Amino acid sequence: MNKIANQSTELDATGERFLPEMQGTIALEHLHRYALAKDFAAGKIVLDIACGEGYGSAVLAGTASRVYGVDIAPDAIAHAKAVYQRPNLEFRVGRCAEIPLPDQAVDLVVSFETIEHHAEHEAMFAEIKRVLRPDGVMVMSSPDKLEYTERANHANAYHVKELYAEEFQQLVERYFVRVAMLGQRVLYASAILPHGLHGEAIHYYREQGPAVQTASGLVRPCYQVAIASDAALPAVVSSLFEQIGESDPEIHVLQHQLEHAGRRILGLEEEVAGLKTAIQ
């Protein structure tokens, strides 16, 4: 369960959700993506697929003429309707393979960290093309299976069908004429950099042990971000998203880990005390 602090409501874990109160790496990653999409949303009609509890859709509504947030979970949509109320923001229950909007209804489709949670990739793209206007733009992110899972030796129980970076790009290119691919990874801030877009490569260096790795764009980005259209692409720039607060975001992560370890130690101490009582 994910607990929503601003309403004390628990939402069913129908997948991973970003919540506004989250800190650290996950916040940098999610907020940066929506900040990027917000730049493209100005004056547009926008669809946010898998909007979750609604925070990202509300961010987009700050510049868009209208935003539709769609999510498969009725409880998430109910929460979003209650918390994020704006005249240009509407939430609906729906699936990515069956979007509750008419044909050619939106100018911009946003889908962040959704595609890996289901196996209906082709159906999802067919629906995106159906609801998107001919000159519309899609912005979508996906974890790179190689970096996210294999090299990190991490299996996410919520991920149904992850894609390698090349597979993700090929999928997008099957449906859109023009595609720009960007990489995202958290440095001291979240960075989203183009992969040598239009020949203007960013020469990025990363020192790891005795080796120095280099690439045009980020070295080994964890996430891939696709910006796609059948018309001209919007201007794509390199960007950093830095979160300034009372302390560095990574400290929040370490504090959380420390609190978890403390609870674990307390539990073990209680278990030992119980065993001692049983022995006596």
# chains A, B, ... in the order shown; residues from 1 in each chain; ligands from 1
call {"tool": "residues_around", "arguments": {"residues": "stretch 83-96 of chain A", "least_positions_apart": "2", "cutoff": "6 Å", "atoms": "only C-alpha atoms", "output": "PDB file with all heavy atoms, in the first residue's frame"}}
result
ATOM      1  N   ARG A  66      -6.084  22.133 -21.347  1.00  0.00           N
ATOM      2  CA  ARG A  66      -6.899  21.112 -20.698  1.00  0.00           C
ATOM      3  C   ARG A  66      -6.064  19.843 -20.538  1.00  0.00           C
ATOM      4  O   ARG A  66      -5.259  19.510 -21.401  1.00  0.00           O
ATOM      5  CB  ARG A  66      -8.162  20.793 -21.495  1.00  0.00           C
ATOM      6  CG  ARG A  66      -9.119  19.848 -20.759  1.00  0.00           C
ATOM      7  CD  ARG A  66     -10.514  19.870 -21.345  1.00  0.00           C
ATOM      8  NE  ARG A  66     -11.476  19.195 -20.485  1.00  0.00           N
ATOM      9  CZ  ARG A  66     -12.033  19.730 -19.407  1.00  0.00           C
ATOM     10  NH1 ARG A  66     -11.732  20.968 -19.064  1.00  0.00           N
ATOM     11  NH2 ARG A  66     -12.895  19.071 -18.670  1.00  0.00           N
ATOM     12  N   VAL A  67      -6.271  19.132 -19.416  1.00  0.00           N
ATOM     13  CA  VAL A  67      -5.556  17.893 -19.147  1.00  0.00           C
ATOM     14  C   VAL A  67      -6.544  16.813 -18.757  1.00  0.00           C
ATOM     15  O   VAL A  67      -7.414  17.027 -17.906  1.00  0.00           O
ATOM     16  CB  VAL A  67      -4.516  18.069 -18.016  1.00  0.00           C
ATOM     17  CG1 VAL A  67      -3.856  16.727 -17.692  1.00  0.00           C
ATOM     18  CG2 VAL A  67      -3.455  19.088 -18.407  1.00  0.00           C
ATOM     19  N   TYR A  68      -6.399  15.645 -19.389  1.00  0.00           N
ATOM     20  CA  TYR A  68      -7.155  14.452 -19.001  1.00  0.00           C
ATOM     21  C   TYR A  68      -6.188  13.483 -18.330  1.00  0.00           C
ATOM     22  O   TYR A  68      -5.223  13.031 -18.948  1.00  0.00           O
ATOM     23  CB  TYR A  68      -7.779  13.771 -20.224  1.00  0.00           C
ATOM     24  CG  TYR A  68      -8.818  14.598 -20.937  1.00  0.00           C
ATOM     25  CD1 TYR A  68      -8.488  15.300 -22.105  1.00  0.00           C
ATOM     26  CD2 TYR A  68     -10.119  14.677 -20.465  1.00  0.00           C
ATOM     27  CE1 TYR A  68      -9.434  16.064 -22.764  1.00  0.00           C
ATOM     28  CE2 TYR A  68     -11.078  15.448 -21.123  1.00  0.00           C
ATOM     29  CZ  TYR A  68     -10.728  16.133 -22.271  1.00  0.00           C
ATOM     30  OH  TYR A  68     -11.663  16.894 -22.922  1.00  0.00           O
ATOM     31  N   GLY A  69      -6.422  13.165 -17.072  1.00  0.00           N
ATOM     32  CA  GLY A  69      -5.644  12.165 -16.374  1.00  0.00           C
ATOM     33  C   GLY A  69      -6.401  10.856 -16.366  1.00  0.00           C
ATOM     34  O   GLY A  69      -7.548  10.806 -15.907  1.00  0.00           O
ATOM     35  N   VAL A  70      -5.784   9.800 -16.882  1.00  0.00           N
ATOM     36  CA  VAL A  70      -6.445   8.496 -16.990  1.00  0.00           C
ATOM     37  C   VAL A  70      -5.651   7.460 -16.217  1.00  0.00           C
ATOM     38  O   VAL A  70      -4.422   7.389 -16.340  1.00  0.00           O
ATOM     39  CB  VAL A  70      -6.579   8.071 -18.472  1.00  0.00           C
ATOM     40  CG1 VAL A  70      -7.109   6.639 -18.575  1.00  0.00           C
ATOM     41  CG2 VAL A  70      -7.499   9.030 -19.223  1.00  0.00           C
ATOM     42  N   ASP A  71      -6.338   6.653 -15.430  1.00  0.00           N
ATOM     43  CA  ASP A  71      -5.677   5.596 -14.661  1.00  0.00           C
ATOM     44  C   ASP A  71      -6.610   4.403 -14.538  1.00  0.00           C
ATOM     45  O   ASP A  71      -7.836   4.557 -14.509  1.00  0.00           O
ATOM     46  CB  ASP A  71      -5.274   6.090 -13.275  1.00  0.00           C
ATOM     47  CG  ASP A  71      -4.234   5.187 -12.617  1.00  0.00           C
ATOM     48  OD1 ASP A  71      -4.623   4.187 -11.977  1.00  0.00           O
ATOM     49  OD2 ASP A  71      -3.031   5.470 -12.750  1.00  0.00           O
ATOM     50  N   ILE A  72      -6.021   3.212 -14.424  1.00  0.00           N
ATOM     51  CA  ILE A  72      -6.799   1.980 -14.357  1.00  0.00           C
ATOM     52  C   ILE A  72      -7.456   1.774 -12.994  1.00  0.00           C
ATOM     53  O   ILE A  72      -8.427   1.036 -12.869  1.00  0.00           O
ATOM     54  CB  ILE A  72      -5.895   0.770 -14.695  1.00  0.00           C
ATOM     55  CG1 ILE A  72      -6.742  -0.475 -15.004  1.00  0.00           C
ATOM     56  CG2 ILE A  72      -4.890   0.503 -13.570  1.00  0.00           C
ATOM     57  CD1 ILE A  72      -5.917  -1.633 -15.535  1.00  0.00           C
ATOM     58  N   PRO A  74      -9.714   2.802  -9.916  1.00  0.00           N
ATOM     59  CA  PRO A  74     -10.784   3.725  -9.513  1.00  0.00           C
ATOM     60  C   PRO A  74     -10.460   4.498  -8.236  1.00  0.00           C
ATOM     61  O   PRO A  74     -10.841   5.662  -8.108  1.00  0.00           O
ATOM     62  CB  PRO A  74     -11.992   2.795  -9.308  1.00  0.00           C
ATOM     63  CG  PRO A  74     -11.701   1.607 -10.166  1.00  0.00           C
ATOM     64  CD  PRO A  74     -10.222   1.416 -10.084  1.00  0.00           C
ATOM     65  N   ALA A  80      -7.645  11.585  -6.949  1.00  0.00           N
ATOM     66  CA  ALA A  80      -7.226  12.700  -7.807  1.00  0.00           C
ATOM     67  C   ALA A  80      -8.341  13.731  -7.947  1.00  0.00           C
ATOM     68  O   ALA A  80      -8.097  14.945  -7.873  1.00  0.00           O
ATOM     69  CB  ALA A  80      -6.812  12.167  -9.173  1.00  0.00           C
ATOM     70  N   LYS A  81      -9.566  13.269  -8.145  1.00  0.00           N
ATOM     71  CA  LYS A  81     -10.711  14.184  -8.287  1.00  0.00           C
ATOM     72  C   LYS A  81     -10.929  15.002  -7.028  1.00  0.00           C
ATOM     73  O   LYS A  81     -11.312  16.178  -7.084  1.00  0.00           O
ATOM     74  CB  LYS A  81     -11.970  13.390  -8.618  1.00  0.00           C
ATOM     75  CG  LYS A  81     -12.016  12.831 -10.030  1.00  0.00           C
ATOM     76  CD  LYS A  81     -13.316  12.062 -10.255  1.00  0.00           C
ATOM     77  CE  LYS A  81     -13.409  11.563 -11.690  1.00  0.00           C
ATOM     78  NZ  LYS A  81     -14.671  10.801 -11.929  1.00  0.00           N
ATOM     79  N   GLU A  98      -7.310   0.995 -23.904  1.00  0.00           N
ATOM     80  CA  GLU A  98      -8.714   1.362 -24.153  1.00  0.00           C
ATOM     81  C   GLU A  98      -8.952   2.728 -23.513  1.00  0.00           C
ATOM     82  O   GLU A  98      -9.614   2.855 -22.489  1.00  0.00           O
ATOM     83  CB  GLU A  98      -9.661   0.310 -23.570  1.00  0.00           C
ATOM     84  CG  GLU A  98     -11.081   0.407 -24.069  1.00  0.00           C
ATOM     85  CD  GLU A  98     -11.931  -0.761 -23.592  1.00  0.00           C
ATOM     86  OE1 GLU A  98     -11.374  -1.695 -22.987  1.00  0.00           O
ATOM     87  OE2 GLU A  98     -13.161  -0.728 -23.828  1.00  0.00           O
ATOM     88  N   ILE A  99      -8.431   3.766 -24.146  1.00  0.00           N
ATOM     89  CA  ILE A  99      -8.444   5.113 -23.591  1.00  0.00           C
ATOM     90  C   ILE A  99      -9.827   5.740 -23.749  1.00  0.00           C
ATOM     91  O   ILE A  99     -10.377   5.752 -24.852  1.00  0.00           O
ATOM     92  CB  ILE A  99      -7.377   5.980 -24.282  1.00  0.00           C
ATOM     93  CG1 ILE A  99      -5.979   5.388 -24.036  1.00  0.00           C
ATOM     94  CG2 ILE A  99      -7.425   7.423 -23.774  1.00  0.00           C
ATOM     95  CD1 ILE A  99      -4.879   6.017 -24.872  1.00  0.00           C
ATOM     96  N   PRO A 100     -10.410   6.261 -22.669  1.00  0.00           N
ATOM     97  CA  PRO A 100     -11.780   6.798 -22.722  1.00  0.00           C
ATOM     98  C   PRO A 100     -11.839   8.220 -23.291  1.00  0.00           C
ATOM     99  O   PRO A 100     -12.323   9.152 -22.656  1.00  0.00           O
ATOM    100  CB  PRO A 100     -12.194   6.772 -21.242  1.00  0.00           C
ATOM    101  CG  PRO A 100     -10.924   6.983 -20.497  1.00  0.00           C
ATOM    102  CD  PRO A 100      -9.863   6.270 -21.285  1.00  0.00           C
ATOM    103  N   MET A 124      -1.457  -0.360 -26.808  1.00  0.00           N
ATOM    104  CA  MET A 124      -1.296   0.960 -26.197  1.00  0.00           C
ATOM    105  C   MET A 124      -0.910   1.997 -27.249  1.00  0.00           C
ATOM    106  O   MET A 124      -1.480   3.092 -27.299  1.00  0.00           O
ATOM    107  CB  MET A 124      -0.223   0.899 -25.111  1.00  0.00           C
ATOM    108  CG  MET A 124       0.077   2.227 -24.442  1.00  0.00           C
ATOM    109  SD  MET A 124       1.408   2.075 -23.220  1.00  0.00           S
ATOM    110  CE  MET A 124       1.393   3.725 -22.500  1.00  0.00           C
TER     111      MET A 124
END
call {"tool": "residues_around", "arguments": {"residues": "stretch 103-119 of chain A", "least_positions_apart": "3", "cutoff": "7 Å", "atoms": "only C-alpha atoms", "output": "VMD selection string"}}
result
chain A and resid 41 44 to 50 130 to 133 136 to 142 158 to 162
call {"tool": "residues_around", "arguments": {"residues": "A:Tyr223", "least_positions_apart": "5", "cutoff": "8 Å", "atoms": "only C-alpha atoms", "output": "PyMOL selection string"}}
result
chain A and resi 141-144+148+183-185
call {"tool": "decode", "arguments": {"residues": "stretch 129-152 of chain A", "atoms": "N, CA, C and O atoms", "output": "PDB file, in the first residue's frame"}}
result
ATOM      1  N   LYS A 129      -2.105   6.587 -30.933  1.00  0.00           N
ATOM      2  CA  LYS A 129      -2.228   7.148 -32.280  1.00  0.00           C
ATOM      3  C   LYS A 129      -3.680   7.528 -32.593  1.00  0.00           C
ATOM      4  O   LYS A 129      -3.927   8.499 -33.317  1.00  0.00           O
ATOM      5  N   ARG A 130      -4.618   6.779 -32.033  1.00  0.00           N
ATOM      6  CA  ARG A 130      -6.041   7.062 -32.284  1.00  0.00           C
ATOM      7  C   ARG A 130      -6.460   8.389 -31.650  1.00  0.00           C
ATOM      8  O   ARG A 130      -7.146   9.194 -32.282  1.00  0.00           O
ATOM      9  N   VAL A 131      -6.069   8.635 -30.409  1.00  0.00           N
ATOM     10  CA  VAL A 131      -6.534   9.829 -29.696  1.00  0.00           C
ATOM     11  C   VAL A 131      -5.671  11.057 -29.989  1.00  0.00           C
ATOM     12  O   VAL A 131      -6.085  12.184 -29.713  1.00  0.00           O
ATOM     13  N   LEU A 132      -4.487  10.846 -30.574  1.00  0.00           N
ATOM     14  CA  LEU A 132      -3.571  11.956 -30.830  1.00  0.00           C
ATOM     15  C   LEU A 132      -3.864  12.592 -32.189  1.00  0.00           C
ATOM     16  O   LEU A 132      -4.102  11.899 -33.182  1.00  0.00           O
ATOM     17  N   ARG A 133      -3.851  13.893 -32.241  1.00  0.00           N
ATOM     18  CA  ARG A 133      -4.067  14.600 -33.496  1.00  0.00           C
ATOM     19  C   ARG A 133      -2.881  14.385 -34.438  1.00  0.00           C
ATOM     20  O   ARG A 133      -1.778  14.070 -33.984  1.00  0.00           O
ATOM     21  N   PRO A 134      -3.082  14.539 -35.758  1.00  0.00           N
ATOM     22  CA  PRO A 134      -2.016  14.226 -36.729  1.00  0.00           C
ATOM     23  C   PRO A 134      -0.690  14.936 -36.469  1.00  0.00           C
ATOM     24  O   PRO A 134       0.374  14.386 -36.760  1.00  0.00           O
ATOM     25  N   ASP A 135      -0.740  16.153 -35.949  1.00  0.00           N
ATOM     26  CA  ASP A 135       0.496  16.886 -35.655  1.00  0.00           C
ATOM     27  C   ASP A 135       0.849  16.842 -34.173  1.00  0.00           C
ATOM     28  O   ASP A 135       1.693  17.618 -33.707  1.00  0.00           O
ATOM     29  N   GLY A 136       0.220  15.922 -33.439  1.00  0.00           N
ATOM     30  CA  GLY A 136       0.440  15.832 -32.002  1.00  0.00           C
ATOM     31  C   GLY A 136       1.781  15.216 -31.638  1.00  0.00           C
ATOM     32  O   GLY A 136       2.497  14.674 -32.480  1.00  0.00           O
ATOM     33  N   VAL A 137       2.106  15.304 -30.349  1.00  0.00           N
ATOM     34  CA  VAL A 137       3.393  14.849 -29.830  1.00  0.00           C
ATOM     35  C   VAL A 137       3.169  13.865 -28.686  1.00  0.00           C
ATOM     36  O   VAL A 137       2.240  14.031 -27.890  1.00  0.00           O
ATOM     37  N   MET A 138       4.002  12.849 -28.630  1.00  0.00           N
ATOM     38  CA  MET A 138       3.999  11.908 -27.513  1.00  0.00           C
ATOM     39  C   MET A 138       5.322  12.011 -26.761  1.00  0.00           C
ATOM     40  O   MET A 138       6.393  12.078 -27.368  1.00  0.00           O
ATOM     41  N   VAL A 139       5.252  12.033 -25.426  1.00  0.00           N
ATOM     42  CA  VAL A 139       6.443  11.981 -24.577  1.00  0.00           C
ATOM     43  C   VAL A 139       6.283  10.775 -23.655  1.00  0.00           C
ATOM     44  O   VAL A 139       5.338  10.708 -22.870  1.00  0.00           O
ATOM     45  N   MET A 140       7.193   9.823 -23.767  1.00  0.00           N
ATOM     46  CA  MET A 140       7.075   8.574 -23.019  1.00  0.00           C
ATOM     47  C   MET A 140       8.424   8.178 -22.440  1.00  0.00           C
ATOM     48  O   MET A 140       9.453   8.348 -23.087  1.00  0.00           O
ATOM     49  N   SER A 141       8.412   7.642 -21.227  1.00  0.00           N
ATOM     50  CA  SER A 141       9.646   7.134 -20.626  1.00  0.00           C
ATOM     51  C   SER A 141       9.518   5.651 -20.346  1.00  0.00           C
ATOM     52  O   SER A 141       8.418   5.121 -20.161  1.00  0.00           O
ATOM     53  N   SER A 142      10.678   4.998 -20.300  1.00  0.00           N
ATOM     54  CA  SER A 142      10.724   3.561 -20.028  1.00  0.00           C
ATOM     55  C   SER A 142      12.072   3.224 -19.411  1.00  0.00           C
ATOM     56  O   SER A 142      13.105   3.738 -19.857  1.00  0.00           O
ATOM     57  N   PRO A 143      12.090   2.374 -18.384  1.00  0.00           N
ATOM     58  CA  PRO A 143      13.387   1.952 -17.852  1.00  0.00           C
ATOM     59  C   PRO A 143      14.112   1.071 -18.863  1.00  0.00           C
ATOM     60  O   PRO A 143      13.482   0.270 -19.555  1.00  0.00           O
ATOM     61  N   ASP A 144      15.421   1.232 -18.956  1.00  0.00           N
ATOM     62  CA  ASP A 144      16.232   0.372 -19.807  1.00  0.00           C
ATOM     63  C   ASP A 144      16.470  -0.934 -19.047  1.00  0.00           C
ATOM     64  O   ASP A 144      17.084  -0.929 -17.978  1.00  0.00           O
ATOM     65  N   LYS A 145      15.992  -2.033 -19.589  1.00  0.00           N
ATOM     66  CA  LYS A 145      16.105  -3.321 -18.903  1.00  0.00           C
ATOM     67  C   LYS A 145      17.555  -3.651 -18.539  1.00  0.00           C
ATOM     68  O   LYS A 145      17.827  -4.224 -17.476  1.00  0.00           O
ATOM     69  N   LEU A 146      18.488  -3.276 -19.410  1.00  0.00           N
ATOM     70  CA  LEU A 146      19.895  -3.576 -19.157  1.00  0.00           C
ATOM     71  C   LEU A 146      20.404  -2.849 -17.909  1.00  0.00           C
ATOM     72  O   LEU A 146      21.011  -3.461 -17.019  1.00  0.00           O
ATOM     73  N   GLU A 147      20.126  -1.542 -17.833  1.00  0.00           N
ATOM     74  CA  GLU A 147      20.644  -0.741 -16.726  1.00  0.00           C
ATOM     75  C   GLU A 147      19.790  -0.882 -15.465  1.00  0.00           C
ATOM     76  O   GLU A 147      20.318  -0.954 -14.351  1.00  0.00           O
ATOM     77  N   TYR A 148      18.485  -0.910 -15.649  1.00  0.00           N
ATOM     78  CA  TYR A 148      17.572  -0.912 -14.499  1.00  0.00           C
ATOM     79  C   TYR A 148      17.567  -2.252 -13.775  1.00  0.00           C
ATOM     80  O   TYR A 148      17.544  -2.310 -12.549  1.00  0.00           O
ATOM     81  N   THR A 149      17.600  -3.337 -14.557  1.00  0.00           N
ATOM     82  CA  THR A 149      17.409  -4.665 -13.969  1.00  0.00           C
ATOM     83  C   THR A 149      18.668  -5.520 -13.996  1.00  0.00           C
ATOM     84  O   THR A 149      19.106  -6.033 -12.972  1.00  0.00           O
ATOM     85  N   GLU A 150      19.274  -5.672 -15.167  1.00  0.00           N
ATOM     86  CA  GLU A 150      20.355  -6.647 -15.311  1.00  0.00           C
ATOM     87  C   GLU A 150      21.651  -6.183 -14.650  1.00  0.00           C
ATOM     88  O   GLU A 150      22.230  -6.902 -13.837  1.00  0.00           O
ATOM     89  N   ARG A 151      22.115  -4.995 -14.970  1.00  0.00           N
ATOM     90  CA  ARG A 151      23.367  -4.519 -14.372  1.00  0.00           C
ATOM     91  C   ARG A 151      23.195  -4.205 -12.893  1.00  0.00           C
ATOM     92  O   ARG A 151      24.123  -4.357 -12.107  1.00  0.00           O
ATOM     93  N   ALA A 152      22.013  -3.762 -12.519  1.00  0.00           N
ATOM     94  CA  ALA A 152      21.761  -3.451 -11.111  1.00  0.00           C
ATOM     95  C   ALA A 152      21.389  -4.696 -10.312  1.00  0.00           C
ATOM     96  O   ALA A 152      21.262  -4.636  -9.089  1.00  0.00           O
TER      97      ALA A 152
END
